[in-house]
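One structure is given below, encoded as C-alpha coordinates.
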Amino acid sequence: MSETAVTATTTFRERLYVTPWIWPLPLLAAGLLAAEVHMGFPGVRSWLPYVILLPLTVVLIVKMGSAKVEVSGGELRAGDAHIPLNLLGEAEIIAPEDRRKAMGPHLDPAAYVVHRGWVKPLVRVRVNDPDDPTPYWMISTRRPEELVAAIKS
(Lines give C-alpha, C1' and ligand atoms only; values in the text may rest on other atoms or scores of the structure.)
Protein backbone atom coordinates (compact mmCIF):
# COMPACT_ATOMS: atom_id res chain seq x y z
CA MET A 1 0.00 0.00 0.00
CA SER A 2 2.57 2.62 0.83
CA GLU A 3 5.90 2.50 -0.92
CA THR A 4 9.01 4.61 -0.64
CA ALA A 5 11.62 5.17 -3.36
CA VAL A 6 9.63 3.50 -6.15
CA THR A 7 11.69 5.11 -8.91
CA ALA A 8 14.66 7.43 -9.06
CA THR A 9 12.39 10.52 -9.18
CA THR A 10 9.79 9.34 -6.64
CA THR A 11 10.87 10.22 -3.12
CA PHE A 12 7.55 9.58 -1.35
CA ARG A 13 4.39 7.65 -2.21
CA GLU A 14 1.46 6.68 -0.03
CA ARG A 15 -2.08 5.50 -0.61
CA LEU A 16 -4.61 6.57 2.01
CA TYR A 17 -6.43 3.24 2.02
CA VAL A 18 -9.26 2.48 4.46
CA THR A 19 -7.95 0.38 7.33
CA PRO A 20 -9.53 -3.09 7.71
CA TRP A 21 -11.01 -2.39 11.14
CA ILE A 22 -13.35 0.21 9.56
CA TRP A 23 -14.85 -2.19 6.99
CA PRO A 24 -17.25 -4.19 9.25
CA LEU A 25 -19.49 -1.27 10.25
CA PRO A 26 -20.53 -0.13 6.72
CA LEU A 27 -20.88 -3.76 5.62
CA LEU A 28 -23.09 -4.50 8.63
CA ALA A 29 -25.21 -1.41 7.88
CA ALA A 30 -25.59 -2.51 4.23
CA GLY A 31 -26.55 -6.02 5.37
CA LEU A 32 -29.17 -4.65 7.77
CA LEU A 33 -30.58 -2.36 5.09
CA ALA A 34 -30.76 -5.28 2.66
CA ALA A 35 -32.54 -7.38 5.32
CA GLU A 36 -35.08 -4.58 5.86
CA VAL A 37 -35.84 -4.46 2.14
CA HIS A 38 -35.97 -8.28 2.05
CA MET A 39 -38.58 -8.34 4.84
CA GLY A 40 -40.69 -5.79 2.97
CA PHE A 41 -40.53 -7.61 -0.37
CA PRO A 42 -40.37 -11.40 0.21
CA GLY A 43 -40.31 -13.80 -2.69
CA VAL A 44 -38.26 -14.09 -5.85
CA ARG A 45 -36.69 -10.64 -5.69
CA SER A 46 -35.75 -10.85 -1.99
CA TRP A 47 -32.08 -11.59 -2.85
CA LEU A 48 -31.76 -8.42 -4.95
CA PRO A 49 -30.92 -5.95 -2.14
CA TYR A 50 -28.06 -8.19 -0.95
CA VAL A 51 -26.63 -8.47 -4.47
CA ILE A 52 -26.79 -4.70 -4.96
CA LEU A 53 -26.02 -3.18 -1.55
CA LEU A 54 -23.14 -5.34 -0.32
CA PRO A 55 -20.95 -5.03 -3.47
CA LEU A 56 -21.85 -1.33 -3.75
CA THR A 57 -20.65 -0.82 -0.17
CA VAL A 58 -17.34 -2.55 -0.95
CA VAL A 59 -16.87 -0.35 -4.03
CA LEU A 60 -17.54 2.80 -2.00
CA ILE A 61 -15.08 1.78 0.72
CA VAL A 62 -12.37 1.07 -1.86
CA LYS A 63 -13.11 4.36 -3.66
CA MET A 64 -12.76 6.29 -0.38
CA GLY A 65 -9.28 4.83 -0.01
CA SER A 66 -8.10 5.68 -3.51
CA ALA A 67 -6.46 9.02 -2.60
CA LYS A 68 -2.70 9.08 -3.14
CA VAL A 69 -0.02 11.37 -1.79
CA GLU A 70 3.20 11.47 -3.79
CA VAL A 71 6.35 13.53 -4.19
CA SER A 72 7.92 12.78 -7.56
CA GLY A 73 9.29 14.53 -10.59
CA GLY A 74 9.65 17.82 -8.72
CA GLU A 75 5.95 17.93 -7.80
CA LEU A 76 3.73 17.24 -4.81
CA ARG A 77 0.62 15.30 -5.75
CA ALA A 78 -2.26 14.89 -3.31
CA GLY A 79 -5.59 13.55 -4.46
CA ASP A 80 -6.31 15.01 -7.91
CA ALA A 81 -4.09 18.10 -7.58
CA HIS A 82 -0.37 18.69 -8.08
CA ILE A 83 1.98 21.61 -7.49
CA PRO A 84 5.68 22.11 -8.24
CA LEU A 85 7.93 21.84 -5.18
CA ASN A 86 9.59 25.18 -5.94
CA LEU A 87 6.25 26.92 -5.23
CA LEU A 88 5.99 25.40 -1.77
CA GLY A 89 7.10 26.99 1.47
CA GLU A 90 7.23 25.71 5.01
CA ALA A 91 5.89 22.20 5.70
CA GLU A 92 4.77 21.46 9.23
CA ILE A 93 3.48 18.35 10.93
CA ILE A 94 0.21 18.66 12.81
CA ALA A 95 -0.01 16.14 15.63
CA PRO A 96 -3.13 13.96 15.93
CA GLU A 97 -4.20 15.77 19.10
CA ASP A 98 -4.15 19.14 17.24
CA ARG A 99 -6.00 17.82 14.20
CA ARG A 100 -9.44 18.91 15.39
CA LYS A 101 -8.41 22.58 15.69
CA ALA A 102 -6.44 22.52 12.43
CA MET A 103 -9.38 21.07 10.51
CA GLY A 104 -11.97 23.17 12.36
CA PRO A 105 -11.66 26.74 13.59
CA HIS A 106 -8.09 27.27 12.33
CA LEU A 107 -8.75 25.97 8.79
CA ASP A 108 -8.63 28.57 6.04
CA PRO A 109 -11.62 28.05 3.69
CA ALA A 110 -9.35 28.59 0.68
CA ALA A 111 -6.98 25.77 1.68
CA TYR A 112 -6.67 22.63 -0.44
CA VAL A 113 -7.53 19.67 1.79
CA VAL A 114 -6.93 15.94 1.28
CA HIS A 115 -8.20 14.61 4.59
CA ARG A 116 -9.15 11.08 5.55
CA GLY A 117 -10.61 10.69 9.03
CA TRP A 118 -8.98 7.31 9.62
CA VAL A 119 -5.50 8.78 9.03
CA LYS A 120 -4.66 10.83 12.12
CA PRO A 121 -1.49 12.89 11.36
CA LEU A 122 -1.65 15.89 9.03
CA VAL A 123 0.94 17.92 7.16
CA ARG A 124 0.33 21.58 6.32
CA VAL A 125 2.37 22.87 3.38
CA ARG A 126 2.40 26.62 2.63
CA VAL A 127 1.97 27.72 -0.99
CA ASN A 128 4.29 30.59 -2.05
CA ASP A 129 2.73 31.19 -5.48
CA PRO A 130 1.42 34.78 -5.70
CA ASP A 131 -0.98 33.76 -8.49
CA ASP A 132 -2.50 30.92 -6.43
CA PRO A 133 -5.29 31.90 -3.99
CA THR A 134 -4.66 28.71 -1.98
CA PRO A 135 -2.70 29.64 1.17
CA TYR A 136 -1.69 26.07 2.03
CA TRP A 137 -2.35 22.38 1.47
CA MET A 138 -3.56 20.21 4.35
CA ILE A 139 -2.74 16.55 3.70
CA SER A 140 -3.45 13.41 5.73
CA THR A 141 -0.52 11.01 5.87
CA ARG A 142 0.52 8.05 7.98
CA ARG A 143 4.20 9.01 7.60
CA PRO A 144 4.37 12.78 8.13
CA GLU A 145 8.12 12.98 8.81
CA GLU A 146 8.93 11.23 5.51
CA LEU A 147 6.54 13.50 3.57
CA VAL A 148 8.06 16.67 5.04
CA ALA A 149 11.57 15.39 4.29
CA ALA A 150 10.58 14.58 0.70
CA ILE A 151 9.08 18.06 0.21
CA LYS A 152 12.20 19.76 1.63
CA SER A 153 14.68 17.74 -0.45
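A note on labels: chains of the C-alpha coordinates are A, B, ... as shown, every chain counts residues from 1, and ligands are counted from 1 in their shown order.
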
Next item on the list: Could you give me, as an NGL selection string, the residues within 9 Å of A:Lys152, counting only C-alpha atoms and dropping anything in the same chain fewer than 5 positions from it?
Entry: :A and (85 or 89-91 or 147)

Grab the residues selected above and save them as a CSV table (one decimal), in the first residue's frame with N, CA, C and O atoms.
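What landed in out-v9.csv:
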```
chain,number,residue,atom,x,y,z
A,85,LEU,N,7.3,21.7,-6.5
A,85,LEU,CA,7.9,21.8,-5.2
A,85,LEU,C,8.5,23.2,-5.0
A,85,LEU,O,8.6,23.7,-3.9
A,89,GLY,N,6.3,26.4,0.4
A,89,GLY,CA,7.1,27.0,1.5
A,89,GLY,C,7.3,26.0,2.6
A,89,GLY,O,7.5,24.8,2.4
A,90,GLU,N,7.0,26.5,3.8
A,90,GLU,CA,7.2,25.7,5.0
A,90,GLU,C,6.2,24.5,5.1
A,90,GLU,O,5.1,24.7,4.7
A,91,ALA,N,6.7,23.4,5.5
A,91,ALA,CA,5.9,22.2,5.7
A,91,ALA,C,6.0,21.9,7.2
A,91,ALA,O,7.0,21.7,7.7
A,147,LEU,N,7.1,12.6,4.5
A,147,LEU,CA,6.5,13.5,3.6
A,147,LEU,C,7.2,14.9,3.7
A,147,LEU,O,7.6,15.4,2.6
```

Next item on the list: Excluding A:Gly65 and any residue of its chain fewer than 5 positions from it, enumerate the residues within 7 Å of it, using only C-alpha atoms, and give them as a list in words.
Entry: Leu16, Tyr17 and Val18 of chain A

Next item on the list: May I ask for the distance between atom CA of A:Ala102 and atom CA of A:Ile151, given in Å to one decimal place?
Entry: 20.3 Å

Note to self: Could you go through stretch 6-147 of chain A and tell me which residues DSSP, when run on the backbone, assigns to strand (DSSP E), listing them as a PyMOL selection string?
What the structure shows: chain A and resi 10-15+68-72+75-78+81-84+88-94+112-114+122-127+136-140

Next item on the list: Pick out the residues sitting within 10 Å of A:Ile139, and hand them over as a PyMOL selection string; count only C-alpha atoms, and ignore anything fewer than 2 positions along from it in its own chain.
Entry: chain A and resi 69+78-79+93-94+112-116+119+121-125+136-137+141+144+147

Check: If you run DSSP on the backbone, which residues of stretch 5-96 of chain A are helix (DSSP H, G or I), as a PyMOL selection string?
Finding: chain A and resi 20-22+24-40+44-64+85-87+96

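The two atoms in question, atom CA of A:Ala81 and atom CA of A:Leu56, are spaced 26.6 Å apart.
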
Checklist line | Between atom CA of A:Thr19 and atom CA of A:Ala95, distance in Å (one decimal) | finding: 19.5 Å
